[in-house]
$ cat input26.cif   # mmCIF, C-alpha atoms (C1' of nucleotides)
data_model
loop_
_atom_site.label_atom_id
_atom_site.label_comp_id
_atom_site.auth_asym_id
_atom_site.auth_seq_id
_atom_site.Cartn_x
_atom_site.Cartn_y
_atom_site.Cartn_z
CA MET A 1 106.66 194.91 32.70
CA ASN A 2 108.58 196.38 29.79
CA ALA A 3 107.69 196.45 26.13
CA PRO A 4 110.13 193.84 24.76
CA ASP A 5 108.98 191.30 27.34
CA ILE A 6 105.36 191.96 26.57
CA LEU A 7 105.96 191.51 22.86
CA GLU A 8 107.90 188.31 23.39
CA ASP A 9 105.14 186.98 25.61
CA ALA A 10 102.57 187.94 22.99
CA GLU A 11 104.50 186.19 20.21
CA ARG A 12 104.67 183.02 22.28
CA HIS A 13 101.01 183.22 23.18
CA CYS A 14 99.97 183.75 19.56
CA SER A 15 102.01 180.95 18.09
CA LYS A 16 100.67 178.63 20.79
CA THR A 17 97.04 179.58 20.16
CA GLY A 18 97.24 179.94 16.39
CA VAL A 19 96.31 183.59 16.54
CA ARG A 20 97.69 185.73 13.68
CA LEU A 21 99.82 188.56 14.93
CA THR A 22 100.33 190.38 11.64
CA PRO A 23 102.91 193.17 11.23
CA LEU A 24 100.26 195.85 11.66
CA ARG A 25 98.85 194.26 14.80
CA ARG A 26 102.31 193.69 16.15
CA ARG A 27 103.12 197.33 15.49
CA VAL A 28 100.02 198.50 17.36
CA LEU A 29 100.76 196.19 20.28
CA GLU A 30 104.32 197.48 20.37
CA LEU A 31 103.13 201.08 20.50
CA VAL A 32 100.69 200.29 23.28
CA ALA A 33 103.30 198.36 25.23
CA ARG A 34 105.98 201.02 24.88
CA ALA A 35 103.63 203.71 26.16
CA ASN A 36 103.74 202.50 29.77
CA ALA A 37 100.46 204.33 30.23
CA PRO A 38 97.00 204.27 28.74
CA VAL A 39 97.16 205.32 25.08
CA LYS A 40 94.44 206.89 22.96
CA ALA A 41 93.46 205.33 19.67
CA TYR A 42 94.15 208.50 17.71
CA ASP A 43 97.58 208.85 19.28
CA LEU A 44 98.37 205.36 18.06
CA LEU A 45 96.99 206.35 14.69
CA SER A 46 99.29 209.32 14.34
CA GLN A 47 102.26 207.21 15.34
CA ILE A 48 101.41 204.53 12.81
CA ASP A 49 100.81 207.23 10.28
CA ARG A 50 104.42 208.30 10.32
CA ALA A 51 105.38 204.94 8.83
CA ASN A 52 102.19 204.20 6.95
CA ALA A 53 100.43 207.25 5.57
CA SER A 54 97.43 205.15 4.68
CA ALA A 55 96.49 204.51 8.30
CA LYS A 56 92.95 205.61 9.08
CA PRO A 57 90.80 205.18 12.19
CA PRO A 58 89.53 201.72 11.23
CA THR A 59 93.14 200.58 10.89
CA VAL A 60 93.88 201.14 14.52
CA TYR A 61 90.46 200.25 15.91
CA ARG A 62 90.52 196.93 14.08
CA ALA A 63 93.95 196.12 15.39
CA LEU A 64 92.90 197.07 18.91
CA ASP A 65 89.75 194.96 18.72
CA PHE A 66 91.85 192.03 17.65
CA LEU A 67 94.39 192.54 20.43
CA ILE A 68 91.64 192.88 23.03
CA ASP A 69 89.95 189.69 21.83
CA ALA A 70 93.31 187.95 21.95
CA GLY A 71 93.79 189.08 25.54
CA LEU A 72 96.87 191.14 24.74
CA VAL A 73 95.41 194.58 25.39
CA HIS A 74 92.85 196.01 27.79
CA ARG A 75 90.54 198.85 27.15
CA VAL A 76 90.40 201.36 30.01
CA GLU A 77 86.73 202.23 29.81
CA ALA A 78 86.66 205.41 31.82
CA LEU A 79 89.57 206.89 29.87
CA ASN A 80 88.71 205.70 26.36
CA ALA A 81 92.25 204.39 26.24
CA PHE A 82 94.22 201.18 25.98
CA VAL A 83 96.96 199.41 27.92
CA ALA A 84 99.03 196.34 27.14
CA CYS A 85 98.30 193.28 29.21
CA PRO A 86 101.47 192.11 30.93
CA GLN A 87 100.28 188.51 30.84
CA ALA A 88 99.01 187.47 27.45
CA GLY A 89 95.77 185.58 27.57
CA HIS A 90 94.84 186.27 31.16
CA GLY A 91 93.14 189.38 29.95
CA HIS A 92 89.58 188.77 30.92
CA ALA A 93 89.44 189.06 34.69
CA ALA A 94 91.73 192.01 35.11
CA VAL A 95 91.48 194.65 37.78
CA LEU A 96 93.18 197.93 36.94
CA TYR A 97 94.63 200.41 39.41
CA ILE A 98 95.19 203.68 37.60
CA CYS A 99 97.25 206.43 39.20
CA GLU A 100 95.80 209.81 38.29
CA ALA A 101 99.06 211.54 39.12
CA CYS A 102 101.60 209.56 37.09
CA THR A 103 99.12 207.67 34.82
CA LYS A 104 100.78 204.36 35.65
CA VAL A 105 98.48 201.36 35.49
CA THR A 106 98.92 198.33 37.68
CA GLU A 107 97.07 195.24 36.63
CA VAL A 108 95.95 192.58 39.06
CA GLN A 109 94.68 189.19 37.98
CA GLY A 110 91.75 188.52 40.25
CA ALA A 111 89.57 185.45 40.32
CA ARG A 112 86.26 187.02 39.26
CA PRO A 113 86.61 189.91 41.64
CA GLY A 114 84.23 192.53 42.84
CA GLN A 115 81.15 190.34 43.02
CA GLU A 116 80.62 190.31 46.77
CA HIS A 117 76.97 191.27 46.54
CA LYS A 118 76.04 189.80 43.20
CA PRO A 119 72.28 189.56 42.71
CA ARG A 120 70.96 186.02 42.74
CA SER A 121 71.23 184.25 39.39
CA PHE A 122 73.03 187.04 37.62
CA THR A 123 75.57 185.48 35.27
CA VAL A 124 78.60 187.68 34.75
CA LYS A 125 80.12 187.54 31.27
CA ARG A 126 82.54 190.43 31.51
CA SER A 127 83.59 192.79 34.27
CA VAL A 128 84.99 196.29 34.13
CA ILE A 129 86.90 197.04 37.32
CA GLU A 130 88.94 200.22 37.39
CA HIS A 131 90.20 201.93 40.51
CA TYR A 132 91.37 205.53 40.18
CA GLY A 133 93.57 207.19 42.76
CA ARG A 134 97.21 207.55 43.64
CA CYS A 135 99.93 204.96 43.56
CA ALA A 136 102.54 204.43 46.25
CA ASN A 137 104.97 206.88 44.60
CA CYS A 138 102.43 209.67 44.18
CA GLN A 139 100.83 209.92 47.61
CA MET B 140 62.86 201.48 41.95
CA ASN B 141 60.43 203.54 39.93
CA ALA B 142 60.79 207.06 38.65
CA PRO B 143 58.42 208.93 41.02
CA ASP B 144 60.13 207.41 44.05
CA ILE B 145 63.56 208.31 42.72
CA LEU B 146 62.47 211.89 42.11
CA GLU B 147 60.91 212.17 45.52
CA ASP B 148 64.06 210.80 47.12
CA ALA B 149 66.14 213.24 45.09
CA GLU B 150 64.01 216.21 46.15
CA ARG B 151 64.42 215.23 49.79
CA HIS B 152 68.13 214.70 49.39
CA CYS B 153 68.61 218.06 47.68
CA SER B 154 66.63 220.11 50.16
CA LYS B 155 68.52 218.42 52.98
CA THR B 156 71.95 219.08 51.44
CA GLY B 157 71.21 222.52 49.99
CA VAL B 158 71.80 221.31 46.46
CA ARG B 159 69.85 223.20 43.78
CA LEU B 160 67.68 220.92 41.74
CA THR B 161 66.54 223.40 39.09
CA PRO B 162 63.69 222.63 36.68
CA LEU B 163 66.11 221.68 33.93
CA ARG B 164 68.09 219.35 36.18
CA ARG B 165 64.92 217.89 37.56
CA ARG B 166 63.69 217.28 34.04
CA VAL B 167 66.90 215.48 33.09
CA LEU B 168 66.80 213.38 36.24
CA GLU B 169 63.19 212.52 35.52
CA LEU B 170 64.06 211.38 32.00
CA VAL B 171 66.93 209.25 33.27
CA ALA B 172 64.80 207.74 36.01
CA ARG B 173 61.87 206.97 33.74
CA ALA B 174 64.11 205.15 31.28
CA ASN B 175 64.66 202.13 33.56
CA ALA B 176 67.77 201.46 31.51
CA PRO B 177 70.99 203.24 30.68
CA VAL B 178 70.21 206.35 28.61
CA LYS B 179 72.45 208.13 26.13
CA ALA B 180 73.11 211.84 26.48
CA TYR B 181 71.87 212.62 22.99
CA ASP B 182 68.68 210.66 23.58
CA LEU B 183 68.04 212.84 26.60
CA LEU B 184 68.84 215.84 24.47
CA SER B 185 66.27 214.99 21.85
CA GLN B 186 63.65 214.40 24.55
CA ILE B 187 64.38 217.73 26.21
CA ASP B 188 64.37 219.33 22.84
CA ARG B 189 60.71 218.60 22.30
CA ALA B 190 59.88 220.97 25.14
CA ASN B 191 62.81 223.29 24.88
CA ALA B 192 64.11 223.83 21.37
CA SER B 193 67.13 225.62 22.69
CA ALA B 194 68.62 222.52 24.26
CA LYS B 195 72.11 221.79 22.99
CA PRO B 196 74.69 219.20 24.02
CA PRO B 197 76.13 221.33 26.85
CA THR B 198 72.64 221.64 28.30
CA VAL B 199 72.36 217.96 28.95
CA TYR B 200 75.99 217.28 29.77
CA ARG B 201 75.99 220.03 32.37
CA ALA B 202 72.85 218.71 33.96
CA LEU B 203 74.28 215.20 33.99
CA ASP B 204 77.56 216.38 35.53
CA PHE B 205 75.61 218.10 38.23
CA LEU B 206 73.45 215.06 38.92
CA ILE B 207 76.49 212.80 39.03
CA ASP B 208 78.28 215.11 41.46
CA ALA B 209 75.15 215.19 43.57
CA GLY B 210 75.08 211.39 43.64
CA LEU B 211 71.75 211.18 41.85
CA VAL B 212 72.96 209.63 38.61
CA HIS B 213 75.71 207.19 37.65
CA ARG B 214 77.64 207.14 34.46
CA VAL B 215 77.95 203.67 32.94
CA GLU B 216 81.45 203.95 31.57
CA ALA B 217 81.49 201.06 29.17
CA LEU B 218 78.22 202.13 27.57
CA ASN B 219 78.66 205.91 27.51
CA ALA B 220 75.31 206.06 29.19
CA PHE B 221 73.62 207.11 32.40
CA VAL B 222 71.36 205.56 35.03
CA ALA B 223 69.48 207.05 37.94
CA CYS B 224 70.77 206.16 41.37
CA PRO B 225 67.99 204.55 43.41
CA GLN B 226 69.46 205.91 46.63
CA ALA B 227 70.34 209.56 46.42
CA GLY B 228 73.72 210.40 47.82
CA HIS B 229 75.09 206.89 48.12
CA GLY B 230 76.32 207.23 44.61
CA HIS B 231 80.02 206.89 45.02
CA ALA B 232 80.68 203.26 45.84
CA ALA B 233 78.21 201.69 43.49
CA VAL B 234 78.58 198.35 41.78
CA LEU B 235 76.47 197.94 38.66
CA TYR B 236 75.15 194.68 37.25
CA ILE B 237 74.03 195.28 33.69
CA CYS B 238 71.98 192.69 31.85
CA GLU B 239 72.95 192.62 28.20
CA ALA B 240 69.70 190.94 27.25
CA CYS B 241 67.11 193.24 28.82
CA THR B 242 69.43 196.23 29.59
CA LYS B 243 68.20 196.33 33.17
CA VAL B 244 70.74 197.67 35.67
CA THR B 245 70.88 196.52 39.25
CA GLU B 246 72.85 198.68 41.59
CA VAL B 247 74.53 197.37 44.70
CA GLN B 248 75.95 199.59 47.39
CA GLY B 249 79.23 197.99 48.32
CA ALA B 250 81.69 199.10 50.95
CA ARG B 251 84.65 199.91 48.70
CA PRO B 252 84.37 196.70 46.75
CA GLY B 253 86.66 194.95 44.32
CA GLN B 254 89.91 195.80 46.05
CA GLU B 255 90.90 192.31 47.16
CA HIS B 256 94.38 192.59 45.70
CA LYS B 257 95.01 196.28 45.95
CA PRO B 258 98.69 197.19 45.52
CA ARG B 259 100.35 198.40 48.69
CA SER B 260 99.81 202.09 49.36
CA PHE B 261 97.52 202.70 46.42
CA THR B 262 94.86 205.19 47.53
CA VAL B 263 91.59 204.67 45.71
CA LYS B 264 89.63 207.86 44.98
CA ARG B 265 87.00 206.49 42.66
CA SER B 266 86.08 203.04 41.41
CA VAL B 267 84.33 201.91 38.27
CA ILE B 268 82.81 198.49 38.77
CA GLU B 269 80.50 197.21 36.06
CA HIS B 270 79.52 193.60 35.57
CA TYR B 271 77.98 192.65 32.22
CA GLY B 272 76.01 189.48 31.74
CA ARG B 273 72.51 188.16 32.17
CA CYS B 274 70.06 188.79 34.94
CA ALA B 275 67.89 186.16 36.60
CA ASN B 276 65.06 186.70 34.11
CA CYS B 277 67.23 186.46 31.00
CA GLN B 278 69.27 183.30 31.61
"C1'" DT C 279 95.00 179.14 -11.94
"C1'" DT C 280 90.83 180.21 -9.68
"C1'" DC C 281 88.35 180.84 -5.84
"C1'" DC C 282 87.82 181.95 -1.03
"C1'" DG C 283 88.35 184.12 3.29
"C1'" DG C 284 90.84 187.08 6.22
"C1'" DA C 285 93.26 191.44 6.49
"C1'" DT C 286 93.88 196.02 5.19
"C1'" DG C 287 92.88 200.44 2.52
"C1'" DT C 288 89.71 204.25 1.84
"C1'" DG C 289 86.19 207.82 2.17
"C1'" DA C 290 82.50 209.18 4.58
"C1'" DT C 291 79.91 209.92 8.55
"C1'" DA C 292 78.01 208.82 13.11
"C1'" DA C 293 78.28 209.29 18.04
"C1'" DC C 294 80.11 211.37 22.10
"C1'" DA C 295 81.85 215.44 24.51
"C1'" DT C 296 83.80 220.09 25.63
"C1'" DA C 297 85.53 225.06 24.99
"C1'" DA C 298 84.50 229.69 25.09
"C1'" DC C 299 81.78 233.37 25.52
"C1'" DA C 300 76.94 235.67 26.07
"C1'" DA C 301 72.77 236.30 28.42
"C1'" DA C 302 69.59 235.55 31.98
"C1'" DA C 303 68.21 234.31 36.56
"C1'" DT C 304 69.11 234.19 41.37
"C1'" DG C 305 70.56 235.45 45.95
"C1'" DC C 306 72.18 238.84 48.91
"C1'" DA C 307 74.09 243.00 50.97
"C1'" DA C 308 73.78 247.91 51.19
"C1'" DT D 309 64.95 248.26 45.78
"C1'" DT D 310 69.00 248.76 43.69
"C1'" DG D 311 73.34 247.10 42.51
"C1'" DC D 312 76.56 243.48 42.45
"C1'" DA D 313 78.39 238.81 42.49
"C1'" DT D 314 77.40 234.19 41.54
"C1'" DT D 315 75.25 230.53 39.39
"C1'" DT D 316 72.73 228.73 35.71
"C1'" DT D 317 71.46 228.42 31.09
"C1'" DG D 318 71.87 229.67 26.05
"C1'" DT D 319 74.63 229.51 21.86
"C1'" DT D 320 78.10 228.68 18.40
"C1'" DA D 321 81.65 226.17 17.24
"C1'" DT D 322 84.69 222.52 17.37
"C1'" DG D 323 87.21 218.63 19.27
"C1'" DT D 324 87.35 213.68 20.16
"C1'" DT D 325 86.05 208.94 19.71
"C1'" DA D 326 84.23 205.26 16.85
"C1'" DT D 327 81.89 202.83 13.04
"C1'" DC D 328 79.94 201.79 8.33
"C1'" DA D 329 80.32 200.34 3.74
"C1'" DC D 330 82.71 199.06 0.11
"C1'" DA D 331 87.23 198.29 -2.42
"C1'" DT D 332 91.53 195.96 -2.70
"C1'" DC D 333 95.11 192.94 -1.51
"C1'" DC D 334 97.17 188.58 -0.30
"C1'" DG D 335 97.94 183.73 1.01
"C1'" DG D 336 96.37 179.11 0.83
"C1'" DA D 337 93.14 175.31 -0.75
"C1'" DA D 338 90.94 173.09 -4.62
#
$ encode --input "input26.cif" --output "structure tokens"
Amino acid sequence: MNAPDILEDAERHCSKTGVRLTPLRRRVLELVARANAPVKAYDLLSQIDRANASAKPPTVYRALDFLIDAGLVHRVEALNAFVACPQAGHGHAAVLYICEACTKVTEVQGARPGQEHKPRSFTVKRSVIEHYGRCANCQ
Amino acid sequence: MNAPDILEDAERHCSKTGVRLTPLRRRVLELVARANAPVKAYDLLSQIDRANASAKPPTVYRALDFLIDAGLVHRVEALNAFVACPQAGHGHAAVLYICEACTKVTEVQGARPGQEHKPRSFTVKRSVIEHYGRCANCQ
DNA sequence: TTCCGGATGTGATAACATAACAAAATGCAA
DNA sequence: TTGCATTTTGTTATGTTATCACATCCGGAA
């Protein structure tokens, strides 16, 4: 999914849910979406910084936290990086396939996946499911 | 699984596979195993430090890297922490259930789990599967 | 207008991790 | 057993990731 579509989807999602997509947050989302790969927080920071010299780490981490809560961005835990969610609001049961050759991330919406052998009575609140390997183009 | 059993299992595994469990590595494994919860690298460092004032970050990170490669320890990606693997050598397809109330981690050995909707021709090298929630005792 | 709450600015620092090179220990062949 | 290669550990420094605490700004309700 490309950046303009993601942004449009995000706008729609936010106005529907009453979530405030401020200019700063929108800018961060745009940078994440345009990247087409997992982006580091400090890379975002330096990009913001070109327009807004006052940007500091909390600026970008706060925006990212907001976008993650809103289901617009995922955190890639094993990379300490962030990707835009192609489907606003479906962000909480995502499975990520991350190609280590081309860095492309494919997101799959799974219905509570990966719990085949869940211990009895364990209640899952949040799942981190990241598969690393090679995509079809990079075999 | 308790710490002595994990260590014993690790010893057996290492002598069988020719892997060198040096005193330092054994000490780190012991500390991770005794914790019964995910441990931070710098916490390990300060514990080592009491016996060995020369311990520095690379000391513990190197030992952890070794133990992870040997399948004796898992890294919990979303916590930046480490847990002992209860079954030496089966370390590479683990699914972790992490209770956010009591911090207890239950490990399940799954046969390449969580890939229900894998994109065509994606080759998975490594998977990170971490479920956060509440265990049976902490509902 | 005044107050309030959410958002952002700002400086400092905490927490996590690795690079690069030195020294010591270990295993092994001659 | 000596010498050499390899692995492991020590050491200094620094890079990277993330948060805290407090100040300021800004829009809307009273």
$ resolve_selection --input "input26.cif" --expression "the PyMOL selection byres ((chain A) within 8 of (chain B))" --output "PyMOL selection string"
chain A and resi 77-78+97+106+108+110+113-136+139
$ atom_distance --input "input26.cif" --atom1 "atom CA of Ala70 of chain A" --atom2 "atom C1' of DG289 of chain C"
28.9 Å
$ resolve_selection --input "input26.cif" --expression "the PyMOL selection byres ((chain A and resi 65) around 12)" --output "VMD selection string"
(chain A and resid 25 28 to 29 41 58 to 64 66 to 75 82) or (chain D and resid 326)
$ atom_distance --input "input26.cif" --atom1 "atom C1' of DC282 of chain C" --atom2 "atom C1' of DG336 of chain D"
9.2 Å
$ resolve_selection --input "input26.cif" --expression "the PyMOL selection byres ((chain C and resi 299) around 12)" --output "list in words"
DA297, DA298, DA300 and DA301 of chain C; DG318, DT319, DT320 and DA321 of chain D
$ closest_atom_pairs --input "input26.cif" --of "chain A" --to "chain C" --cutoff "9 Å" --atoms "all atoms listed in the file" --output "CSV"
residue,atom,partner,partner_atom,distance
A:Thr22,CA,C:DA285,C1',8.8
A:Ser54,CA,C:DG287,C1',6.9
A:Ala55,CA,C:DG287,C1',7.9
A:Lys56,CA,C:DT288,C1',8.0
A:Thr59,CA,C:DT286,C1',7.3
$ write_last_selection --input "input26.cif" --atoms "C-alpha atoms" --output "CSV table (one decimal), keeping the file's coordinate frame"
chain,number,residue,atom,x,y,z
A,22,THR,CA,100.3,190.4,11.6
A,54,SER,CA,97.4,205.2,4.7
A,55,ALA,CA,96.5,204.5,8.3
A,56,LYS,CA,93.0,205.6,9.1
A,59,THR,CA,93.1,200.6,10.9
$ atom_distance --input "input26.cif" --atom1 "atom CA of Leu184 of chain B" --atom2 "atom C1' of DT317 of chain D"
14.5 Å
$ closest_atom_pairs --input "input26.cif" --of "chain D" --to "chain A" --cutoff "12 Å" --atoms "all atoms listed in the file" --output "JSON lines"
{"residue": "D:DT324", "atom": "C1'", "partner": "A:Tyr42", "partner_atom": "CA", "distance": 8.9}
{"residue": "D:DT325", "atom": "C1'", "partner": "A:Asn80", "partner_atom": "CA", "distance": 7.9}
{"residue": "D:DA326", "atom": "C1'", "partner": "A:Tyr61", "partner_atom": "CA", "distance": 8.0}
{"residue": "D:DT327", "atom": "C1'", "partner": "A:Pro58", "partner_atom": "CA", "distance": 7.9}
{"residue": "D:DC328", "atom": "C1'", "partner": "A:Pro58", "partner_atom": "CA", "distance": 10.0}
{"residue": "D:DA329", "atom": "C1'", "partner": "A:Pro58", "partner_atom": "CA", "distance": 12.0}
$ residues_around --input "input26.cif" --residues "Arg173 of chain B" --least-positions-apart "5" --cutoff "12 Å" --atoms "only C-alpha atoms (C1' of nucleotides)" --output "tab-separated table (two decimals) with C-alpha atoms, in the frame of the given file"
chain	number	residue	atom	x	y	z
B	140	MET	CA	62.86	201.48	41.95
B	141	ASN	CA	60.43	203.54	39.93
B	142	ALA	CA	60.79	207.06	38.65
B	143	PRO	CA	58.42	208.93	41.02
B	144	ASP	CA	60.13	207.41	44.05
B	145	ILE	CA	63.56	208.31	42.72
B	146	LEU	CA	62.47	211.89	42.11
B	165	ARG	CA	64.92	217.89	37.56
B	166	ARG	CA	63.69	217.28	34.04
B	167	VAL	CA	66.90	215.48	33.09
B	168	LEU	CA	66.80	213.38	36.24
B	178	VAL	CA	70.21	206.35	28.61
B	183	LEU	CA	68.04	212.84	26.60
B	186	GLN	CA	63.65	214.40	24.55
B	221	PHE	CA	73.62	207.11	32.40
B	222	VAL	CA	71.36	205.56	35.03
B	223	ALA	CA	69.48	207.05	37.94
B	224	CYS	CA	70.77	206.16	41.37
B	225	PRO	CA	67.99	204.55	43.41
$ axis_aligned_box --input "input26.cif" --around "segment 322-338 of chain D" --padding-each-side "6 Å" --output "JSON"
{"center_x": 88.9, "center_y": 197.8, "center_z": 7.8, "size_x": 30.0, "size_y": 61.4, "size_z": 36.8}
